[in-house]
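Data block for my_file32.pdb (PDB, C-alpha atoms, pLDDT in the B column):
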MODEL        1
ATOM      1  CA  MET A  21     -13.629 -12.069   1.669  1.00 36.00           C
ATOM      2  CA  SER A  22     -13.762 -12.754   5.387  1.00 45.00           C
ATOM      3  CA  ASN A  23     -16.894 -11.771   7.294  1.00 62.00           C
ATOM      4  CA  GLN A  24     -14.776 -10.999  10.341  1.00 87.00           C
ATOM      5  CA  LYS A  25     -14.341  -7.464  11.642  1.00 95.00           C
ATOM      6  CA  ALA A  26     -11.136  -5.753  12.678  1.00 97.00           C
ATOM      7  CA  ARG A  27     -11.129  -5.268  16.443  1.00 97.00           C
ATOM      8  CA  VAL A  28     -10.404  -1.681  17.429  1.00 98.00           C
ATOM      9  CA  ALA A  29      -8.965  -0.196  20.622  1.00 98.00           C
ATOM     10  CA  ILE A  30      -9.204   3.558  21.184  1.00 98.00           C
ATOM     11  CA  LEU A  31      -6.798   5.362  23.542  1.00 98.00           C
ATOM     12  CA  VAL A  32      -8.040   8.613  25.100  1.00 97.00           C
ATOM     13  CA  SER A  33      -6.816  11.127  27.667  1.00 94.00           C
ATOM     14  CA  GLY A  34      -9.697  13.593  27.762  1.00 91.00           C
ATOM     15  CA  GLY A  35     -13.332  14.110  26.899  1.00 92.00           C
ATOM     16  CA  GLY A  36     -13.351  11.699  24.000  1.00 94.00           C
ATOM     17  CA  THR A  37     -15.025  13.719  21.239  1.00 95.00           C
ATOM     18  CA  ASN A  38     -13.069  11.883  18.540  1.00 96.00           C
ATOM     19  CA  LEU A  39     -13.991   8.612  20.241  1.00 97.00           C
ATOM     20  CA  GLN A  40     -17.633   9.700  20.113  1.00 97.00           C
ATOM     21  CA  ALA A  41     -17.337  10.373  16.381  1.00 97.00           C
ATOM     22  CA  ILE A  42     -16.156   6.779  15.906  1.00 98.00           C
ATOM     23  CA  ILE A  43     -18.935   5.418  18.131  1.00 98.00           C
ATOM     24  CA  ASP A  44     -21.569   7.443  16.259  1.00 98.00           C
ATOM     25  CA  ARG A  45     -20.433   6.220  12.832  1.00 97.00           C
ATOM     26  CA  TRP A  46     -20.264   2.672  14.182  1.00 97.00           C
ATOM     27  CA  HIS A  47     -23.825   2.861  15.501  1.00 96.00           C
ATOM     28  CA  GLU A  48     -24.939   4.293  12.149  1.00 97.00           C
ATOM     29  CA  GLY A  49     -23.515   1.260  10.363  1.00 96.00           C
ATOM     30  CA  GLU A  50     -20.767   3.205   8.618  1.00 97.00           C
ATOM     31  CA  LEU A  51     -17.925   1.021   9.966  1.00 97.00           C
ATOM     32  CA  PRO A  52     -18.873  -2.339   8.447  1.00 97.00           C
ATOM     33  CA  HIS A  53     -15.336  -3.741   8.763  1.00 97.00           C
ATOM     34  CA  ALA A  54     -14.488  -2.360  12.220  1.00 98.00           C
ATOM     35  CA  GLU A  55     -15.707  -3.052  15.732  1.00 97.00           C
ATOM     36  CA  PRO A  56     -14.668  -0.864  18.686  1.00 98.00           C
ATOM     37  CA  VAL A  57     -14.168  -3.291  21.570  1.00 98.00           C
ATOM     38  CA  LEU A  58     -11.843  -1.480  23.993  1.00 98.00           C
ATOM     39  CA  VAL A  59     -11.246   2.067  25.252  1.00 98.00           C
ATOM     40  CA  VAL A  60      -8.188   2.741  27.417  1.00 98.00           C
ATOM     41  CA  SER A  61      -7.203   5.913  29.231  1.00 97.00           C
ATOM     42  CA  ASN A  62      -4.169   7.056  31.177  1.00 95.00           C
ATOM     43  CA  ARG A  63      -6.448   9.403  33.149  1.00 95.00           C
ATOM     44  CA  LYS A  64      -9.041   8.044  35.544  1.00 94.00           C
ATOM     45  CA  SER A  65     -11.317  11.065  35.085  1.00 94.00           C
ATOM     46  CA  ALA A  66     -11.239  11.017  31.263  1.00 95.00           C
ATOM     47  CA  GLY A  67     -14.707  11.591  29.850  1.00 95.00           C
ATOM     48  CA  GLY A  68     -13.917   9.122  27.104  1.00 96.00           C
ATOM     49  CA  LEU A  69     -14.258   6.261  29.607  1.00 97.00           C
ATOM     50  CA  GLN A  70     -17.855   7.259  30.337  1.00 96.00           C
ATOM     51  CA  ARG A  71     -18.590   7.517  26.620  1.00 97.00           C
ATOM     52  CA  ALA A  72     -17.276   3.991  26.167  1.00 97.00           C
ATOM     53  CA  GLU A  73     -19.389   2.613  29.022  1.00 96.00           C
ATOM     54  CA  LYS A  74     -22.505   4.276  27.623  1.00 97.00           C
ATOM     55  CA  ALA A  75     -21.817   2.668  24.239  1.00 97.00           C
ATOM     56  CA  GLY A  76     -21.296  -0.760  25.798  1.00 97.00           C
ATOM     57  CA  ILE A  77     -17.569  -0.846  25.027  1.00 98.00           C
ATOM     58  CA  ARG A  78     -15.084  -2.199  27.561  1.00 97.00           C
ATOM     59  CA  SER A  79     -13.293   0.702  29.253  1.00 97.00           C
ATOM     60  CA  GLU A  80     -10.086   0.525  31.281  1.00 97.00           C
ATOM     61  CA  PHE A  81      -7.962   3.032  33.185  1.00 97.00           C
ATOM     62  CA  LEU A  82      -4.266   2.169  33.356  1.00 97.00           C
ATOM     63  CA  GLN A  83      -1.951   3.791  35.872  1.00 95.00           C
ATOM     64  CA  LYS A  84       1.364   5.347  34.932  1.00 93.00           C
ATOM     65  CA  GLU A  85       3.399   2.472  36.398  1.00 94.00           C
ATOM     66  CA  ASN A  86       3.977  -0.261  33.809  1.00 95.00           C
ATOM     67  CA  PHE A  87       1.506   1.460  31.488  1.00 96.00           C
ATOM     68  CA  GLU A  88       2.748  -0.030  28.240  1.00 97.00           C
ATOM     69  CA  THR A  89       3.229  -3.521  29.669  1.00 97.00           C
ATOM     70  CA  ASN A  90      -0.336  -3.515  30.972  1.00 97.00           C
ATOM     71  CA  LEU A  91      -1.616  -1.988  27.743  1.00 97.00           C
ATOM     72  CA  ILE A  92       0.018  -4.718  25.647  1.00 97.00           C
ATOM     73  CA  HIS A  93      -1.587  -7.341  27.891  1.00 97.00           C
ATOM     74  CA  LEU A  94      -5.000  -5.731  27.359  1.00 97.00           C
ATOM     75  CA  LEU A  95      -4.528  -5.453  23.594  1.00 97.00           C
ATOM     76  CA  GLU A  96      -3.487  -9.076  23.339  1.00 97.00           C
ATOM     77  CA  SER A  97      -6.323 -10.328  25.529  1.00 97.00           C
ATOM     78  CA  GLU A  98      -8.828  -8.500  23.313  1.00 97.00           C
ATOM     79  CA  ARG A  99      -7.056  -9.590  20.083  1.00 96.00           C
ATOM     80  CA  ILE A 100      -6.850  -5.980  18.910  1.00 97.00           C
ATOM     81  CA  ASP A 101      -6.142  -5.321  15.222  1.00 97.00           C
ATOM     82  CA  ILE A 102      -6.164  -1.492  15.171  1.00 98.00           C
ATOM     83  CA  ILE A 103      -5.135   1.015  17.837  1.00 98.00           C
ATOM     84  CA  VAL A 104      -6.557   4.539  17.510  1.00 98.00           C
ATOM     85  CA  LEU A 105      -5.030   7.478  19.366  1.00 96.00           C
ATOM     86  CA  ALA A 106      -7.970   9.855  19.857  1.00 94.00           C
ATOM     87  CA  GLY A 107      -6.792  12.771  21.949  1.00 88.00           C
ATOM     88  CA  PHE A 108      -4.263  10.554  23.700  1.00 91.00           C
ATOM     89  CA  LEU A 109      -1.595  12.779  25.240  1.00 84.00           C
ATOM     90  CA  LYS A 110       0.969  10.186  26.299  1.00 86.00           C
ATOM     91  CA  ILE A 111       3.904   9.507  23.984  1.00 86.00           C
ATOM     92  CA  LEU A 112       4.252   5.803  23.259  1.00 92.00           C
ATOM     93  CA  SER A 113       7.728   4.313  23.257  1.00 94.00           C
ATOM     94  CA  GLU A 114       9.572   3.306  20.114  1.00 93.00           C
ATOM     95  CA  ASP A 115       9.478  -0.328  21.236  1.00 95.00           C
ATOM     96  CA  PHE A 116       5.706  -0.210  21.619  1.00 96.00           C
ATOM     97  CA  VAL A 117       5.129   1.452  18.251  1.00 95.00           C
ATOM     98  CA  LYS A 118       7.357  -1.082  16.475  1.00 95.00           C
ATOM     99  CA  ARG A 119       5.177  -3.923  17.796  1.00 95.00           C
ATOM    100  CA  TYR A 120       2.235  -2.628  15.740  1.00 95.00           C
ATOM    101  CA  PRO A 121       3.465  -1.459  12.317  1.00 94.00           C
ATOM    102  CA  ASN A 122       0.680   0.190  10.294  1.00 94.00           C
ATOM    103  CA  ARG A 123      -1.798  -0.681  13.034  1.00 96.00           C
ATOM    104  CA  ILE A 124      -1.702   2.531  15.126  1.00 97.00           C
ATOM    105  CA  LEU A 125      -3.658   5.550  13.840  1.00 98.00           C
ATOM    106  CA  ASN A 126      -3.462   9.108  15.147  1.00 95.00           C
ATOM    107  CA  VAL A 127      -5.416  12.243  14.295  1.00 95.00           C
ATOM    108  CA  HIS A 128      -3.454  15.506  14.345  1.00 95.00           C
ATOM    109  CA  PRO A 129      -5.161  18.929  14.157  1.00 95.00           C
ATOM    110  CA  SER A 130      -3.154  20.406  11.287  1.00 97.00           C
ATOM    111  CA  LEU A 131      -2.155  19.608   7.736  1.00 97.00           C
ATOM    112  CA  ILE A 132       1.062  17.662   8.318  1.00 95.00           C
ATOM    113  CA  PRO A 133       3.926  18.556   7.797  1.00 94.00           C
ATOM    114  CA  SER A 134       2.804  21.959   9.104  1.00 95.00           C
ATOM    115  CA  PHE A 135       2.600  22.557  12.866  1.00 94.00           C
ATOM    116  CA  CYS A 136       3.427  19.032  13.957  1.00 92.00           C
ATOM    117  CA  GLY A 137       6.068  17.100  15.829  1.00 88.00           C
ATOM    118  CA  ASP A 138       7.287  17.346  19.403  1.00 86.00           C
ATOM    119  CA  GLY A 139       5.430  19.949  21.462  1.00 86.00           C
ATOM    120  CA  PHE A 140       2.614  20.468  18.974  1.00 87.00           C
ATOM    121  CA  TYR A 141      -0.625  19.253  20.547  1.00 86.00           C
ATOM    122  CA  GLY A 142      -4.020  20.652  21.509  1.00 87.00           C
ATOM    123  CA  LEU A 143      -4.425  24.401  21.361  1.00 92.00           C
ATOM    124  CA  LYS A 144      -0.674  24.862  20.797  1.00 94.00           C
ATOM    125  CA  VAL A 145      -1.157  23.676  17.210  1.00 96.00           C
ATOM    126  CA  HIS A 146      -3.870  26.248  16.522  1.00 97.00           C
ATOM    127  CA  GLU A 147      -1.970  29.044  18.278  1.00 96.00           C
ATOM    128  CA  ALA A 148       1.020  28.353  16.030  1.00 96.00           C
ATOM    129  CA  ALA A 149      -1.142  28.295  12.897  1.00 96.00           C
ATOM    130  CA  LEU A 150      -2.764  31.619  13.756  1.00 97.00           C
ATOM    131  CA  ASN A 151       0.542  33.224  14.716  1.00 96.00           C
ATOM    132  CA  TYR A 152       1.961  32.185  11.364  1.00 96.00           C
ATOM    133  CA  GLY A 153      -1.011  33.678   9.562  1.00 96.00           C
ATOM    134  CA  VAL A 154      -2.084  30.663   7.515  1.00 97.00           C
ATOM    135  CA  LYS A 155      -5.394  30.935   5.651  1.00 97.00           C
ATOM    136  CA  VAL A 156      -6.052  27.181   5.631  1.00 97.00           C
ATOM    137  CA  SER A 157      -5.468  24.575   8.297  1.00 98.00           C
ATOM    138  CA  GLY A 158      -7.164  21.225   8.872  1.00 98.00           C
ATOM    139  CA  ALA A 159      -6.560  17.737  10.183  1.00 97.00           C
ATOM    140  CA  THR A 160      -4.472  14.708   9.275  1.00 97.00           C
ATOM    141  CA  VAL A 161      -4.919  11.035  10.112  1.00 97.00           C
ATOM    142  CA  HIS A 162      -1.661   9.123   9.899  1.00 97.00           C
ATOM    143  CA  PHE A 163      -0.043   5.880  10.939  1.00 97.00           C
ATOM    144  CA  VAL A 164       2.137   6.190  14.033  1.00 95.00           C
ATOM    145  CA  ASN A 165       5.825   5.377  13.859  1.00 91.00           C
ATOM    146  CA  GLU A 166       8.778   6.214  16.114  1.00 88.00           C
ATOM    147  CA  VAL A 167       8.872   9.837  14.852  1.00 86.00           C
ATOM    148  CA  THR A 168       6.270  12.153  16.404  1.00 85.00           C
ATOM    149  CA  ASP A 169       3.624  12.833  13.706  1.00 84.00           C
ATOM    150  CA  GLY A 170       6.023  11.249  11.222  1.00 89.00           C
ATOM    151  CA  GLY A 171       4.116   8.203   9.994  1.00 94.00           C
ATOM    152  CA  GLN A 172       2.508   7.675   6.596  1.00 96.00           C
ATOM    153  CA  ILE A 173      -0.479   9.960   5.951  1.00 97.00           C
ATOM    154  CA  ILE A 174      -3.805   8.154   5.507  1.00 97.00           C
ATOM    155  CA  ALA A 175      -6.131  11.127   4.973  1.00 97.00           C
ATOM    156  CA  GLN A 176      -6.216  14.914   5.205  1.00 98.00           C
ATOM    157  CA  LYS A 177      -8.949  17.531   5.093  1.00 98.00           C
ATOM    158  CA  ALA A 178      -8.499  21.279   4.794  1.00 98.00           C
ATOM    159  CA  VAL A 179     -10.481  23.808   6.840  1.00 98.00           C
ATOM    160  CA  ASP A 180     -10.545  27.551   6.236  1.00 97.00           C
ATOM    161  CA  VAL A 181      -9.065  29.866   8.851  1.00 98.00           C
ATOM    162  CA  LEU A 182     -11.311  32.888   9.436  1.00 97.00           C
ATOM    163  CA  PRO A 183     -10.028  36.431  10.106  1.00 96.00           C
ATOM    164  CA  ASP A 184     -11.461  36.598  13.639  1.00 96.00           C
ATOM    165  CA  ASP A 185     -10.467  33.069  14.692  1.00 97.00           C
ATOM    166  CA  THR A 186      -9.084  32.325  18.131  1.00 97.00           C
ATOM    167  CA  PRO A 187      -7.256  29.074  18.889  1.00 97.00           C
ATOM    168  CA  GLU A 188     -10.479  27.840  20.493  1.00 97.00           C
ATOM    169  CA  THR A 189     -12.777  28.644  17.564  1.00 97.00           C
ATOM    170  CA  LEU A 190     -10.304  27.203  15.058  1.00 98.00           C
ATOM    171  CA  GLN A 191      -9.920  24.056  17.165  1.00 96.00           C
ATOM    172  CA  ARG A 192     -13.696  23.558  17.252  1.00 97.00           C
ATOM    173  CA  ARG A 193     -14.142  24.087  13.513  1.00 97.00           C
ATOM    174  CA  ILE A 194     -11.328  21.665  12.653  1.00 97.00           C
ATOM    175  CA  MET A 195     -12.863  19.064  14.949  1.00 96.00           C
ATOM    176  CA  GLU A 196     -16.332  19.433  13.422  1.00 97.00           C
ATOM    177  CA  GLN A 197     -15.321  19.808   9.775  1.00 97.00           C
ATOM    178  CA  ALA A 198     -12.285  17.508   9.633  1.00 97.00           C
ATOM    179  CA  GLU A 199     -11.343  15.344  12.633  1.00 97.00           C
ATOM    180  CA  TRP A 200     -14.782  13.876  13.341  1.00 97.00           C
ATOM    181  CA  ILE A 201     -15.208  13.007   9.654  1.00 97.00           C
ATOM    182  CA  LEU A 202     -11.698  11.815   8.788  1.00 97.00           C
ATOM    183  CA  LEU A 203     -10.960   9.609  11.778  1.00 97.00           C
ATOM    184  CA  PRO A 204     -13.918   7.192  11.464  1.00 98.00           C
ATOM    185  CA  GLU A 205     -13.367   7.021   7.687  1.00 97.00           C
ATOM    186  CA  ALA A 206      -9.694   6.173   8.202  1.00 97.00           C
ATOM    187  CA  VAL A 207     -10.525   3.495  10.788  1.00 98.00           C
ATOM    188  CA  GLU A 208     -12.927   1.866   8.330  1.00 97.00           C
ATOM    189  CA  ARG A 209     -10.422   2.092   5.464  1.00 97.00           C
ATOM    190  CA  VAL A 210      -7.639   0.419   7.465  1.00 97.00           C
ATOM    191  CA  ALA A 211     -10.069  -2.157   8.898  1.00 97.00           C
ATOM    192  CA  LYS A 212     -11.285  -3.039   5.404  1.00 96.00           C
ATOM    193  CA  ASP A 213      -7.698  -3.591   4.238  1.00 95.00           C
ATOM    194  CA  ILE A 214      -6.975  -5.839   7.226  1.00 95.00           C
ATOM    195  CA  VAL A 215     -10.174  -7.892   6.860  1.00 94.00           C
ATOM    196  CA  GLU A 216      -9.934  -8.310   3.097  1.00 92.00           C
ATOM    197  CA  SER A 217      -6.323  -9.432   3.383  1.00 88.00           C
ATOM    198  CA  GLY A 218      -7.266 -11.925   6.103  1.00 82.00           C
ATOM    199  CA  ARG A 219      -4.855 -10.386   8.604  1.00 69.00           C
ATOM    200  CA  GLU A 220      -7.339  -9.722  11.419  1.00 64.00           C
ATOM    201  CA  GLY A 221      -6.615 -11.369  14.746  1.00 60.00           C
ATOM    202  CA  GLU A 222      -2.882 -11.574  14.073  1.00 57.00           C
TER
ENDMDL
END

Could you rewrite the structure in this file as structure tokens?
Amino acid sequence: MSNQKARVAILVSGGGTNLQAIIDRWHEGELPHAEPVLVVSNRKSAGGLQRAEKAGIRSEFLQKENFETNLIHLLESERIDIIVLAGFLKILSEDFVKRYPNRILNVHPSLIPSFCGDGFYGLKVHEAALNYGVKVSGATVHFVNEVTDGGQIIAQKAVDVLPDDTPETLQRRIMEQAEWILLPEAVERVAKDIVESGREGE
């Protein structure tokens, strides 16, 4: 087995709570096969950039113009093995996604295939779940392909919906009980597969 670690880039658009969950597990030694080395945002004011700086991880803001071209340059310069979409609200092109088969992970705040696909993001997912009257929701970590939320599922965790839930309270509970647990675990699982197969740094 190689003693190398899979190099991880995390893409964020907002406050970066899922990023923080990864950083926390990393600092606690629970990501032995993964090393977060780059955080990229499409929003200059994204709180995730500050979280990255505080953790000593390289952070970069990329403007809208030539975003993917510049992102690819960054990923290649840092020899990135795994790309994690952690609250990243920009849709990546089919060409970009096809460059990194089974290397891009996304966390979605529902149990796919429920409440997913185009237009389902953020509080809209939880509003739809509550309007439908489901008793259980949760989160899914999946590989990203050219279909929105359509890639292979890596892990899922169910979370109870309570009678007095609002979209905001359900969102918070799913983050705390599912997203922040599942995403770091999935990063480590994929990193372990890459390292043990000797495919890191490809």

Would you write out, as JSON lines, a table of all residues in region 104-204 of chain A that have an atom no more than 9 Å from an atom of region 74-88 of chain A, listing for each the closest atom pair and the distance in Å to one decimal, considering all atoms listed in the file and ordering rows by chain and rising residue number?
{"residue": "A:Leu112", "atom": "CA", "partner": "A:Glu88", "partner_atom": "CA", "distance": 7.8}
{"residue": "A:Ser113", "atom": "CA", "partner": "A:Glu88", "partner_atom": "CA", "distance": 8.3}
{"residue": "A:Phe116", "atom": "CA", "partner": "A:Glu88", "partner_atom": "CA", "distance": 7.3}

Keeping only C-alpha atoms, write those residues as an mmCIF file, in the coordinates of the input.
data_model
loop_
_atom_site.group_PDB
_atom_site.id
_atom_site.type_symbol
_atom_site.label_atom_id
_atom_site.label_comp_id
_atom_site.auth_asym_id
_atom_site.auth_seq_id
_atom_site.Cartn_x
_atom_site.Cartn_y
_atom_site.Cartn_z
ATOM 1 C CA LEU A 112 4.252 5.803 23.259
ATOM 2 C CA SER A 113 7.728 4.313 23.257
ATOM 3 C CA PHE A 116 5.706 -0.210 21.619
#

Open item on the list: Could you list, as a PyMOL selection string, every residue within 10 Å of Asp138 (chain A), counting all atoms listed in the file and ignoring same-chain residues fewer than 6 positions away?
Closed with: chain A and resi 111+167-169

As an mmCIF file with C-alpha atoms, keeping the file's coordinate frame, please: the residues near Gly142 (chain A) (cut-off 10 Å, all atoms listed in the file, same-chain neighbours under 5 positions excluded).
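Contents of part.cif, freshly written:
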data_model
loop_
_atom_site.group_PDB
_atom_site.id
_atom_site.type_symbol
_atom_site.label_atom_id
_atom_site.label_comp_id
_atom_site.auth_asym_id
_atom_site.auth_seq_id
_atom_site.Cartn_x
_atom_site.Cartn_y
_atom_site.Cartn_z
ATOM 1 C CA GLY A 107 -6.792 12.771 21.949
ATOM 2 C CA LEU A 109 -1.595 12.779 25.240
ATOM 3 C CA HIS A 128 -3.454 15.506 14.345
ATOM 4 C CA PRO A 129 -5.161 18.929 14.157
ATOM 5 C CA GLU A 147 -1.970 29.044 18.278
ATOM 6 C CA PRO A 187 -7.256 29.074 18.889
ATOM 7 C CA GLU A 188 -10.479 27.840 20.493
ATOM 8 C CA GLN A 191 -9.920 24.056 17.165
#

| request: Please provide the set of residues having any atom within 7 Å of region 199-203 of chain A, restricted to all atoms listed in the file, with same-chain residues fewer than 4 positions apart removed, written as a ChimeraX atom specification. | output: /A:38,41,127,159,161,175,194-195,207

Could you tell me which residues the PyMOL selection byres ((chain A and resi 121-124) around 6) returns for this structure, as a PyMOL selection string? chain A and resi 102-104+118+120+125+163-164

For Lys177 (chain A), the closest of A:Ala72, A:Ile132, A:Ile43, A:Ala211 counting all atoms listed in the file is A:Ile132

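In this model, the gap between CA of Val117 (chain A) and CA of Val60 (chain A) comes to 16.2 Å.
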
Need the axis-aligned box for region 118-131 of chain A with 8 Å each side, so what are the centre and edges in Å to one decimal, as lines of an AutoDock Vina configuration file?
center_x = 1.0
center_y = 8.2
center_z = 12.8
size_x = 28.8
size_y = 40.3
size_z = 26.1

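CA of His93 (chain A) is found 24.7 Å from CA of Asp213 (chain A).
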
* Asked: CA of Glu166 (chain A) and CA of Thr89 (chain A) are how many Å apart?
  ->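 Pair CA of Glu166 (chain A) / CA of Thr89 (chain A) returns 17.6 Å.
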
Using the incomplete input, complete region 93-102 of chain A to the level of all heavy atoms; output as a short mmCIF file (atom, residue, chain, number, x, y, z; two decimals), in the coordinates of the input.
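For reference, selection27.cif as written:
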data_model
loop_
_atom_site.label_atom_id
_atom_site.label_comp_id
_atom_site.auth_asym_id
_atom_site.auth_seq_id
_atom_site.Cartn_x
_atom_site.Cartn_y
_atom_site.Cartn_z
N HIS A 93 -0.81 -6.20 27.38
CA HIS A 93 -1.59 -7.34 27.89
C HIS A 93 -3.07 -7.20 27.53
O HIS A 93 -3.71 -8.17 27.08
CB HIS A 93 -1.42 -7.44 29.41
CG HIS A 93 -2.22 -8.55 30.02
ND1 HIS A 93 -1.87 -9.88 29.89
CD2 HIS A 93 -3.37 -8.51 30.74
CE1 HIS A 93 -2.78 -10.62 30.51
NE2 HIS A 93 -3.69 -9.83 31.04
N LEU A 94 -3.59 -5.99 27.71
CA LEU A 94 -5.00 -5.73 27.36
C LEU A 94 -5.25 -5.92 25.86
O LEU A 94 -6.23 -6.56 25.45
CB LEU A 94 -5.37 -4.29 27.73
CG LEU A 94 -6.06 -4.03 29.06
CD1 LEU A 94 -6.31 -2.53 29.20
CD2 LEU A 94 -7.36 -4.80 29.18
N LEU A 95 -4.37 -5.36 25.05
CA LEU A 95 -4.53 -5.45 23.59
C LEU A 95 -4.48 -6.90 23.13
O LEU A 95 -5.26 -7.31 22.25
CB LEU A 95 -3.43 -4.64 22.89
CG LEU A 95 -3.44 -3.12 23.15
CD1 LEU A 95 -2.20 -2.48 22.55
CD2 LEU A 95 -4.70 -2.47 22.60
N GLU A 96 -3.60 -7.67 23.73
CA GLU A 96 -3.49 -9.08 23.34
C GLU A 96 -4.69 -9.88 23.81
O GLU A 96 -5.21 -10.74 23.09
CB GLU A 96 -2.18 -9.66 23.89
CG GLU A 96 -0.96 -9.11 23.17
CD GLU A 96 0.35 -9.67 23.71
OE1 GLU A 96 0.33 -10.33 24.78
OE2 GLU A 96 1.40 -9.43 23.07
N SER A 97 -5.17 -9.57 25.01
CA SER A 97 -6.32 -10.33 25.53
C SER A 97 -7.58 -10.05 24.72
O SER A 97 -8.45 -10.92 24.59
CB SER A 97 -6.56 -9.98 27.00
OG SER A 97 -7.05 -8.67 27.16
N GLU A 98 -7.67 -8.86 24.14
CA GLU A 98 -8.83 -8.50 23.31
C GLU A 98 -8.58 -8.73 21.82
O GLU A 98 -9.42 -8.39 20.99
CB GLU A 98 -9.22 -7.03 23.54
CG GLU A 98 -9.92 -6.76 24.87
CD GLU A 98 -11.34 -7.30 24.90
OE1 GLU A 98 -11.86 -7.72 23.84
OE2 GLU A 98 -11.95 -7.28 25.99
N ARG A 99 -7.41 -9.28 21.48
CA ARG A 99 -7.06 -9.59 20.08
C ARG A 99 -7.26 -8.36 19.19
O ARG A 99 -7.92 -8.41 18.16
CB ARG A 99 -7.88 -10.78 19.55
CG ARG A 99 -7.78 -12.01 20.42
CD ARG A 99 -8.44 -13.25 19.82
NE ARG A 99 -9.73 -12.98 19.19
CZ ARG A 99 -10.89 -12.81 19.85
NH1 ARG A 99 -10.91 -12.85 21.17
NH2 ARG A 99 -12.00 -12.60 19.19
N ILE A 100 -6.66 -7.26 19.60
CA ILE A 100 -6.85 -5.98 18.91
C ILE A 100 -6.08 -5.95 17.59
O ILE A 100 -4.91 -6.33 17.53
CB ILE A 100 -6.41 -4.81 19.82
CG1 ILE A 100 -7.31 -4.72 21.06
CG2 ILE A 100 -6.41 -3.49 19.05
CD1 ILE A 100 -8.78 -4.51 20.78
N ASP A 101 -6.75 -5.48 16.54
CA ASP A 101 -6.14 -5.32 15.22
C ASP A 101 -5.68 -3.89 14.96
O ASP A 101 -4.68 -3.68 14.27
CB ASP A 101 -7.15 -5.71 14.13
CG ASP A 101 -7.58 -7.16 14.24
OD1 ASP A 101 -6.71 -8.03 14.13
OD2 ASP A 101 -8.78 -7.41 14.43
N ILE A 102 -6.44 -2.91 15.45
CA ILE A 102 -6.16 -1.49 15.17
C ILE A 102 -6.19 -0.72 16.48
O ILE A 102 -7.10 -0.91 17.30
CB ILE A 102 -7.21 -0.89 14.21
CG1 ILE A 102 -7.21 -1.62 12.87
CG2 ILE A 102 -6.96 0.61 14.00
CD1 ILE A 102 -8.38 -1.24 11.98
#
